[in-house]
$ cat run-v7.csv   # CSV, C-alpha atoms
chain,number,residue,atom,x,y,z
A,18,MET,CA,0.0,0.0,0.0
A,19,THR,CA,1.4,3.4,-0.9
A,20,PRO,CA,1.4,6.3,1.6
A,21,GLN,CA,-1.2,8.0,-0.5
A,22,SER,CA,-3.6,5.1,-0.2
A,23,GLN,CA,-3.2,5.3,3.5
A,24,ASP,CA,-4.2,8.9,3.6
A,25,ARG,CA,-7.3,9.2,5.6
A,26,PRO,CA,-9.5,11.8,7.2
A,27,ALA,CA,-8.9,12.4,10.9
A,28,GLU,CA,-11.1,10.3,13.0
A,29,GLY,CA,-12.7,12.2,15.8
A,30,GLY,CA,-11.3,15.5,14.5
A,31,SER,CA,-13.0,18.7,15.5
A,32,PRO,CA,-15.7,20.1,13.3
A,33,GLY,CA,-14.2,22.4,10.6
A,34,GLU,CA,-10.9,20.5,10.4
A,35,GLY,CA,-10.4,18.9,7.0
A,36,PRO,CA,-9.1,15.4,6.4
A,37,LEU,CA,-5.6,14.8,7.6
A,38,ASP,CA,-3.4,12.9,5.1
A,39,LEU,CA,0.0,11.4,6.0
A,40,HIS,CA,2.1,14.1,4.4
A,41,ALA,CA,0.0,16.9,6.0
A,42,ALA,CA,0.4,15.1,9.4
A,43,LEU,CA,4.2,15.0,9.0
A,44,ARG,CA,4.2,18.7,7.9
A,45,LEU,CA,2.1,19.6,11.0
A,46,VAL,CA,4.5,17.8,13.3
A,47,ASN,CA,7.6,19.5,11.9
A,48,GLN,CA,5.9,22.9,12.1
A,49,ALA,CA,4.7,22.4,15.6
A,50,GLU,CA,8.1,21.2,16.8
A,51,THR,CA,9.8,24.2,15.2
A,52,ARG,CA,7.4,26.7,16.7
A,53,ALA,CA,7.7,25.0,20.1
A,54,ARG,CA,11.5,25.1,20.1
A,55,GLN,CA,11.5,28.8,19.1
A,56,GLU,CA,9.1,29.7,21.9
A,57,LEU,CA,10.6,27.5,24.5
A,58,HIS,CA,14.3,28.0,23.9
A,59,GLY,CA,14.4,31.8,23.7
A,60,ASN,CA,16.9,34.0,22.0
A,61,ASP,CA,20.4,33.2,23.2
A,62,GLY,CA,22.0,35.2,20.4
A,63,LEU,CA,20.5,38.4,21.7
A,64,ILE,CA,21.8,37.7,25.2
A,65,TYR,CA,25.3,37.1,24.0
A,66,LEU,CA,25.1,40.2,21.8
A,67,ILE,CA,24.1,42.3,24.9
A,68,TRP,CA,27.0,40.9,26.9
A,69,GLY,CA,29.5,41.3,24.0
A,70,LEU,CA,28.6,45.0,23.9
A,71,ALA,CA,28.8,45.4,27.7
A,72,TRP,CA,32.3,43.9,27.7
A,73,LEU,CA,33.4,45.9,24.7
A,74,VAL,CA,32.3,49.2,26.3
A,75,GLY,CA,33.1,48.2,29.9
A,76,TYR,CA,36.6,46.7,29.4
A,77,GLY,CA,37.3,49.2,26.6
A,78,THR,CA,36.7,52.1,29.0
A,79,LEU,CA,39.0,50.5,31.6
A,80,HIS,CA,41.6,50.0,28.9
A,81,GLY,CA,41.2,53.7,27.8
A,82,SER,CA,41.7,54.9,31.3
A,83,ARG,CA,44.7,52.5,31.8
A,84,PHE,CA,46.5,53.6,28.6
A,85,ALA,CA,45.2,57.2,28.7
A,86,TRP,CA,43.4,57.2,25.4
A,87,LEU,CA,40.3,58.2,27.4
A,88,PRO,CA,40.3,61.2,29.8
A,89,LEU,CA,39.0,59.2,32.7
A,90,ALA,CA,40.3,58.4,36.1
A,91,SER,CA,40.5,54.7,37.0
A,92,GLY,CA,37.6,55.1,39.5
A,93,GLN,CA,35.4,56.7,36.8
A,94,ALA,CA,36.2,54.0,34.3
A,95,LEU,CA,35.4,51.3,36.9
A,96,ALA,CA,32.0,52.9,37.5
A,97,ILE,CA,31.2,52.9,33.8
A,98,HIS,CA,32.4,49.2,33.6
A,99,GLY,CA,30.1,48.3,36.5
A,100,GLY,CA,27.2,50.2,34.9
A,101,CYS,CA,27.6,48.2,31.7
A,102,ILE,CA,27.8,44.9,33.5
A,103,LEU,CA,24.7,45.8,35.6
A,104,ALA,CA,22.7,46.8,32.5
A,105,ALA,CA,23.6,43.5,30.8
A,106,LEU,CA,22.6,41.6,33.9
A,107,VAL,CA,19.2,43.3,34.2
A,108,SER,CA,18.6,42.7,30.5
A,109,THR,CA,19.5,39.0,30.8
A,110,VAL,CA,17.2,38.5,33.8
A,111,VAL,CA,14.3,40.2,32.0
A,112,LEU,CA,14.8,38.2,28.8
A,113,VAL,CA,15.2,34.8,30.6
A,114,SER,CA,12.3,35.5,33.0
A,115,ARG,CA,10.1,36.3,30.0
A,116,GLN,CA,11.3,33.1,28.2
A,117,ASN,CA,10.6,30.8,31.2
A,118,ARG,CA,7.3,32.3,32.1
A,119,GLY,CA,4.5,29.7,31.9
A,120,ILE,CA,6.8,26.7,32.3
A,121,ARG,CA,7.2,24.8,35.6
A,122,GLY,CA,8.6,21.5,36.7
A,123,HIS,CA,12.1,20.1,36.4
A,124,SER,CA,13.4,22.9,34.1
A,125,SER,CA,12.3,25.5,36.7
A,126,TYR,CA,14.4,23.6,39.3
A,127,LEU,CA,17.4,23.6,37.0
A,128,GLY,CA,17.0,27.3,36.2
A,129,ALA,CA,16.7,28.2,39.9
A,130,MET,CA,19.9,26.1,40.8
A,131,TYR,CA,21.7,27.6,37.8
A,132,GLY,CA,20.7,31.2,38.7
A,133,GLY,CA,21.5,30.6,42.3
A,134,GLY,CA,25.0,29.3,41.3
A,135,TRP,CA,25.7,32.6,39.5
A,136,ALA,CA,24.4,34.7,42.4
A,137,LEU,CA,26.4,32.8,45.1
A,138,GLY,CA,29.5,32.8,42.9
A,139,PHE,CA,29.5,36.5,42.5
A,140,LEU,CA,28.5,37.1,46.1
A,141,THR,CA,31.7,35.1,47.0
A,142,MET,CA,33.7,37.2,44.6
A,143,GLY,CA,32.3,40.4,46.3
A,144,CYS,CA,33.6,39.1,49.7
A,145,LEU,CA,36.9,38.2,48.1
A,146,GLY,CA,37.1,41.8,46.8
A,147,GLY,CA,37.6,43.1,50.3
A,148,VAL,CA,40.3,40.5,51.0
A,149,VAL,CA,42.2,41.2,47.8
A,150,GLY,CA,41.9,45.0,48.5
A,151,ALA,CA,43.5,44.5,51.9
A,152,MET,CA,46.4,42.5,50.3
A,153,THR,CA,47.4,45.1,47.7
A,154,GLY,CA,46.9,48.8,47.2
A,155,ASP,CA,47.7,48.6,43.5
A,156,PHE,CA,44.5,49.3,41.6
A,157,TRP,CA,45.4,47.4,38.4
A,158,LEU,CA,46.8,44.4,40.2
A,159,ARG,CA,43.7,44.2,42.4
A,160,SER,CA,41.5,44.6,39.2
A,161,MET,CA,43.4,41.8,37.5
A,162,ALA,CA,42.9,39.4,40.5
A,163,LEU,CA,39.2,40.2,40.8
A,164,ASN,CA,38.5,39.9,37.1
A,165,GLY,CA,40.4,36.6,37.1
A,166,ILE,CA,38.0,35.3,39.8
A,167,ALA,CA,34.9,36.7,38.0
A,168,ILE,CA,35.8,35.2,34.6
A,169,LEU,CA,36.6,31.9,36.3
A,170,ILE,CA,33.0,31.9,37.6
A,171,VAL,CA,31.7,32.9,34.1
A,172,GLY,CA,33.7,30.1,32.4
A,173,LEU,CA,32.7,27.4,34.9
A,174,MET,CA,29.0,28.4,34.9
A,175,TYR,CA,28.8,28.5,31.1
A,176,MET,CA,30.4,25.0,31.0
A,177,ALA,CA,27.9,23.7,33.6
A,178,GLY,CA,25.0,25.4,31.8
A,179,GLY,CA,26.1,23.8,28.5
A,180,ALA,CA,26.0,20.4,30.2
A,181,MET,CA,22.7,21.0,32.1
A,182,PHE,CA,20.8,22.4,29.2
A,183,ASN,CA,22.5,20.3,26.5
A,184,ASP,CA,23.7,23.6,24.8
A,185,ARG,CA,26.9,23.2,22.9
A,186,ASN,CA,27.3,26.9,22.2
A,187,GLN,CA,27.2,27.7,25.9
A,188,ALA,CA,29.7,25.0,26.7
A,189,VAL,CA,32.1,26.2,24.0
A,190,LEU,CA,31.8,29.7,25.4
A,191,GLY,CA,32.7,28.4,28.8
A,192,ILE,CA,35.9,26.8,27.5
A,193,TRP,CA,36.7,30.0,25.6
A,194,PHE,CA,36.4,32.2,28.7
A,195,LEU,CA,38.5,29.9,30.8
A,196,VAL,CA,41.2,30.0,28.2
A,197,VAL,CA,40.9,33.8,27.8
A,198,ASN,CA,41.2,34.1,31.6
A,199,ILE,CA,44.4,32.1,31.6
A,200,VAL,CA,45.9,34.2,28.8
A,201,SER,CA,44.9,37.5,30.5
A,202,LEU,CA,46.4,36.4,33.8
A,203,LEU,CA,49.6,35.4,32.0
A,204,ALA,CA,49.6,38.8,30.3
A,205,GLY,CA,50.0,40.4,33.7
A,206,PRO,CA,48.7,43.6,35.2
A,207,LEU,CA,49.9,45.8,32.3
A,208,HIS,CA,48.1,43.9,29.5
A,209,PHE,CA,45.3,41.8,31.0
A,210,LEU,CA,42.8,44.5,30.0
A,211,THR,CA,43.8,44.3,26.4
A,212,VAL,CA,43.2,40.6,26.3
A,213,LEU,CA,39.8,40.9,28.0
A,214,ALA,CA,38.7,43.9,25.9
A,215,VAL,CA,39.4,42.1,22.7
A,216,LEU,CA,39.0,38.3,23.2
A,217,GLY,CA,36.0,38.7,25.6
A,218,PRO,CA,33.6,40.5,23.3
A,219,LEU,CA,34.9,38.3,20.4
A,220,GLY,CA,33.7,35.2,22.2
A,221,PHE,CA,30.3,36.7,23.0
A,222,PHE,CA,29.9,37.9,19.4
A,223,GLY,CA,30.8,34.5,18.2
A,224,GLY,CA,28.2,33.0,20.5
A,225,ALA,CA,25.6,35.6,19.2
A,226,VAL,CA,26.3,34.6,15.6
A,227,ALA,CA,26.1,30.8,16.4
A,228,GLY,CA,22.8,31.4,18.4
A,229,THR,CA,21.3,33.5,15.5
A,230,VAL,CA,22.3,30.9,12.9
A,231,ARG,CA,20.7,28.1,15.0
A,232,ARG,CA,17.5,30.1,15.4
A,233,ARG,CA,17.3,30.8,11.7
A,234,ARG,CA,17.9,27.2,10.9
A,235,LEU,CA,15.0,26.3,13.1
A,236,ARG,CA,12.8,28.8,11.4
A,237,ALA,CA,13.8,27.6,8.0
A,238,GLY,CA,12.9,24.1,9.0
A,239,ALA,CA,9.3,25.2,9.7
B,4,MET,CA,0.7,-2.2,8.3
B,5,PRO,CA,0.8,0.1,11.4
B,6,GLU,CA,-2.3,1.8,12.6
B,7,LEU,CA,-2.4,5.5,13.4
B,8,ASP,CA,-3.8,6.3,16.8
B,9,PRO,CA,-7.1,8.1,16.1
B,10,VAL,CA,-6.8,10.2,19.3
B,11,ILE,CA,-3.6,11.8,18.0
B,12,HIS,CA,-4.3,11.7,14.2
B,13,ALA,CA,-6.4,14.9,14.1
B,14,GLU,CA,-4.9,18.2,13.2
B,15,SER,CA,-5.4,20.2,16.5
B,16,ARG,CA,-4.6,17.3,18.8
B,17,LEU,CA,-1.5,16.3,16.7
B,18,ARG,CA,-0.2,19.9,17.0
B,19,THR,CA,-1.0,20.0,20.7
B,20,ILE,CA,0.7,16.7,21.7
B,21,THR,CA,3.7,17.6,19.5
B,22,VAL,CA,4.2,20.8,21.5
B,23,LEU,CA,3.7,19.1,24.8
B,24,ASN,CA,6.2,16.4,23.8
B,25,GLN,CA,8.7,19.3,23.2
B,26,VAL,CA,8.0,20.7,26.6
B,27,GLY,CA,8.9,17.3,28.0
B,28,GLU,CA,7.6,14.8,30.5
B,29,ARG,CA,9.2,16.5,33.5
B,30,ASP,CA,7.7,20.0,32.8
B,31,LYS,CA,4.3,21.5,32.5
B,32,ILE,CA,3.2,24.5,30.3
B,33,ALA,CA,0.6,27.1,31.2
B,34,PHE,CA,-2.6,26.8,29.2
B,35,THR,CA,-2.2,30.5,28.1
B,36,LYS,CA,1.3,29.9,26.8
B,37,LEU,CA,0.3,26.7,25.0
B,38,ARG,CA,-2.6,28.5,23.4
B,39,LYS,CA,-0.3,31.3,22.2
B,40,ILE,CA,2.1,28.7,20.6
B,41,LEU,CA,-0.7,26.8,19.0
B,42,GLU,CA,-2.6,29.9,18.0
B,43,MET,CA,-5.9,28.3,19.0
B,44,THR,CA,-9.0,29.6,20.8
B,45,ALA,CA,-9.3,28.7,24.5
B,46,GLY,CA,-12.5,26.8,23.8
B,47,ASN,CA,-11.0,24.7,20.9
B,48,LEU,CA,-7.9,23.9,22.9
B,49,SER,CA,-9.9,22.9,25.9
B,50,THR,CA,-12.0,20.5,23.8
B,51,HIS,CA,-8.9,18.8,22.4
B,52,LEU,CA,-7.1,18.7,25.7
B,53,ARG,CA,-10.1,17.0,27.2
B,54,LYS,CA,-9.9,14.2,24.6
B,55,LEU,CA,-6.2,13.8,25.2
B,56,GLU,CA,-6.8,13.8,28.9
B,57,GLU,CA,-9.5,11.1,28.6
B,58,ALA,CA,-7.1,9.0,26.7
B,59,GLY,CA,-4.5,9.5,29.5
B,60,TYR,CA,-2.1,11.2,27.2
B,61,VAL,CA,-2.0,14.6,29.1
B,62,GLU,CA,-2.4,15.7,32.6
B,63,VAL,CA,-4.2,19.0,33.4
B,64,THR,CA,-3.5,20.7,36.7
B,65,LYS,CA,-5.3,23.7,38.1
B,66,THR,CA,-3.5,25.9,40.6
B,67,ILE,CA,-3.4,29.4,42.0
B,68,GLU,CA,-0.5,31.7,41.1
B,69,GLY,CA,-0.7,34.7,43.5
B,70,ARG,CA,-4.4,35.4,43.4
B,71,THR,CA,-5.0,34.2,39.9
B,72,PRO,CA,-6.1,30.7,38.9
B,73,ALA,CA,-3.8,29.1,36.4
B,74,THR,CA,-4.0,25.8,34.4
B,75,TYR,CA,-0.9,23.8,33.5
B,76,VAL,CA,-0.7,21.0,31.0
B,77,GLY,CA,1.9,18.2,30.7
B,78,ILE,CA,2.3,15.1,28.6
B,79,THR,CA,2.1,11.8,30.6
B,80,PRO,CA,4.5,8.8,30.1
B,81,LYS,CA,1.5,7.1,28.4
B,82,GLY,CA,1.1,10.1,26.1
B,83,ARG,CA,4.8,10.2,25.3
B,84,ALA,CA,4.8,6.5,24.4
B,85,ALA,CA,1.6,7.0,22.3
B,86,TYR,CA,3.2,10.0,20.5
B,87,THR,CA,6.4,8.0,19.8
B,88,ALA,CA,4.4,5.1,18.5
B,89,TYR,CA,2.4,7.5,16.3
B,90,ARG,CA,5.6,9.1,14.9
B,91,ASP,CA,7.1,5.7,14.2
B,92,ALA,CA,3.9,4.5,12.4
B,93,LEU,CA,3.7,7.7,10.4
B,94,ASN,CA,7.3,7.3,9.3
B,95,GLU,CA,6.8,3.7,8.4
B,96,LEU,CA,3.6,4.5,6.4
B,97,LEU,CA,5.5,7.2,4.5
B,98,GLY,CA,8.3,4.8,3.6
B,99,GLY,CA,10.8,5.9,6.3
B,100,ALA,CA,10.5,9.6,5.3

$ encode --input "run-v7.csv" --output "structure tokens"
Amino acid sequence: MTPQSQDRPAEGGSPGEGPLDLHAALRLVNQAETRARQELHGNDGLIYLIWGLAWLVGYGTLHGSRFAWLPLASGQALAIHGGCILAALVSTVVLVSRQNRGIRGHSSYLGAMYGGGWALGFLTMGCLGGVVGAMTGDFWLRSMALNGIAILIVGLMYMAGGAMFNDRNQAVLGIWFLVVNIVSLLAGPLHFLTVLAVLGPLGFFGGAVAGTVRRRRLRAGA
Amino acid sequence: MPELDPVIHAESRLRTITVLNQVGERDKIAFTKLRKILEMTAGNLSTHLRKLEEAGYVEVTKTIEGRTPATYVGITPKGRAAYTAYRDALNELLGGA
């Protein structure tokens, strides 16, 4: 029997719904899967783009202050950097909350644990900030140490997120940031900002491109 | 020759259970969000969910969020197995497409 000869109207379908043949059924399944993935998985590319811009402006400003191509004191540059990171953080929380609204169960638990991991990691870093500050009065050495801790948290959390959510892009970004962190620490207090201002945004923009390509592929498959 | 499950083999129910399968067995989706994804009216979706629920393929839970009543829907293990069997049968009938 050919597939066409198996084509049949839907039994028990709702009034107004036409007969459902096999090819139409397969098409419906593919379209519904694509739409569900788009709605449930959110826009990772946009989040990476936001963080790439925040790092570019934030670390760029610190770099400008350090090498005097911007007329800013180190404290002013640090305030701008902090503002950029805070803006990216708020945008991420809003986007992720909107994406996860209306879903509960195991993924909510994973999301809460993952979000809690980020919060506790950076709370620990804040406490360490005081300790590092007491150990050295050198602004740039202290900055290098604290950024090293922050990016270690970022890299490890991205790797964990990649494993938890089966997201290869996120896992690759985690590896990228851990490697960038090692390179920046080896570069030392004079050049670590150059490494972070260039390679950090590059990683995020790469993640944004990969996320956008994945989303477009999903849409094209509809 | 495999048979297609008549509970699933209807346009609206097929789309509904496909989305619920994507949500996963360990999660539930709000009725309002499911309705938005499927672009169906509340009445139409309720009718089809009732048929899927009667077959034991989905579980509908009513709860209170803040002060607002909310309805969540999730696929059951039986529903997931039925959906997998439906997909296999469909692929076989289409010659492994």

$ atom_distance --input "run-v7.csv" --atom1 "CA of Gly146 in chain A" --atom2 "CA of Gly92 in chain A"
15.2 Å

$ residues_around --input "run-v7.csv" --residues "Lys65 in chain B" --least-positions-apart "6" --cutoff "7 Å" --atoms "all atoms listed in the file" --output "NGL selection string"
:B and (73-75)

$ interface_residues --input "run-v7.csv" --of "chain B" --to "chain A" --cutoff "7 Å" --atoms "only C-alpha atoms" --output "list in words"
Pro9, His12, Ala13, Glu14, Arg18, Thr21, Val22, Gln25, Arg29, Asp30, Lys31, Ile32, Ala33, Lys36, Ile40, Leu93, Leu96 and Leu97 of chain B

$ closest_residue --input "run-v7.csv" --among "A:Val74, A:Ala151, A:Val196, A:Ala167" --to "Ala96 in chain A" --atoms "all atoms listed in the file"
A:Val74

$ atom_distance --input "run-v7.csv" --atom1 "CA of Val61 in chain B" --atom2 "CA of Asn24 in chain B"
9.9 Å

$ atom_distance --input "run-v7.csv" --atom1 "CA of Tyr60 in chain B" --atom2 "CA of Arg83 in chain B"
7.2 Å

$ closest_residue --input "run-v7.csv" --among "B:Val76, B:Thr71, B:Gly98, B:Ser15" --to "Glu42 in chain B" --atoms "only C-alpha atoms"
B:Ser15

$ closest_residue --input "run-v7.csv" --among "A:Arg44, A:Ile192, A:Leu63, A:Arg234" --to "Asn94 in chain B" --atoms "all atoms listed in the file"
A:Arg44

$ residues_around --input "run-v7.csv" --residues "Met161 in chain A" --least-positions-apart "4" --cutoff "10 Å" --atoms "only C-alpha atoms" --output "list in words"
Phe156, Trp157, Gly165, Ile166, Ala167, Asn198, Ser201, Leu202, Ala204, Gly205, Pro206, Leu207, His208, Phe209 and Leu210 of chain A

$ residues_near_point --input "run-v7.csv" --point "(19.4, 30.8, 40.4)" --cutoff "12 Å" --atoms "only C-alpha atoms" --output "MDAnalysis selection string"
chainID A and resid 110 113:114 124:139 174 178

$ closest_residue --input "run-v7.csv" --among "B:Arg16, B:Glu28, B:Leu23, B:Pro80" --to "Met43 in chain B" --atoms "all atoms listed in the file"
B:Arg16
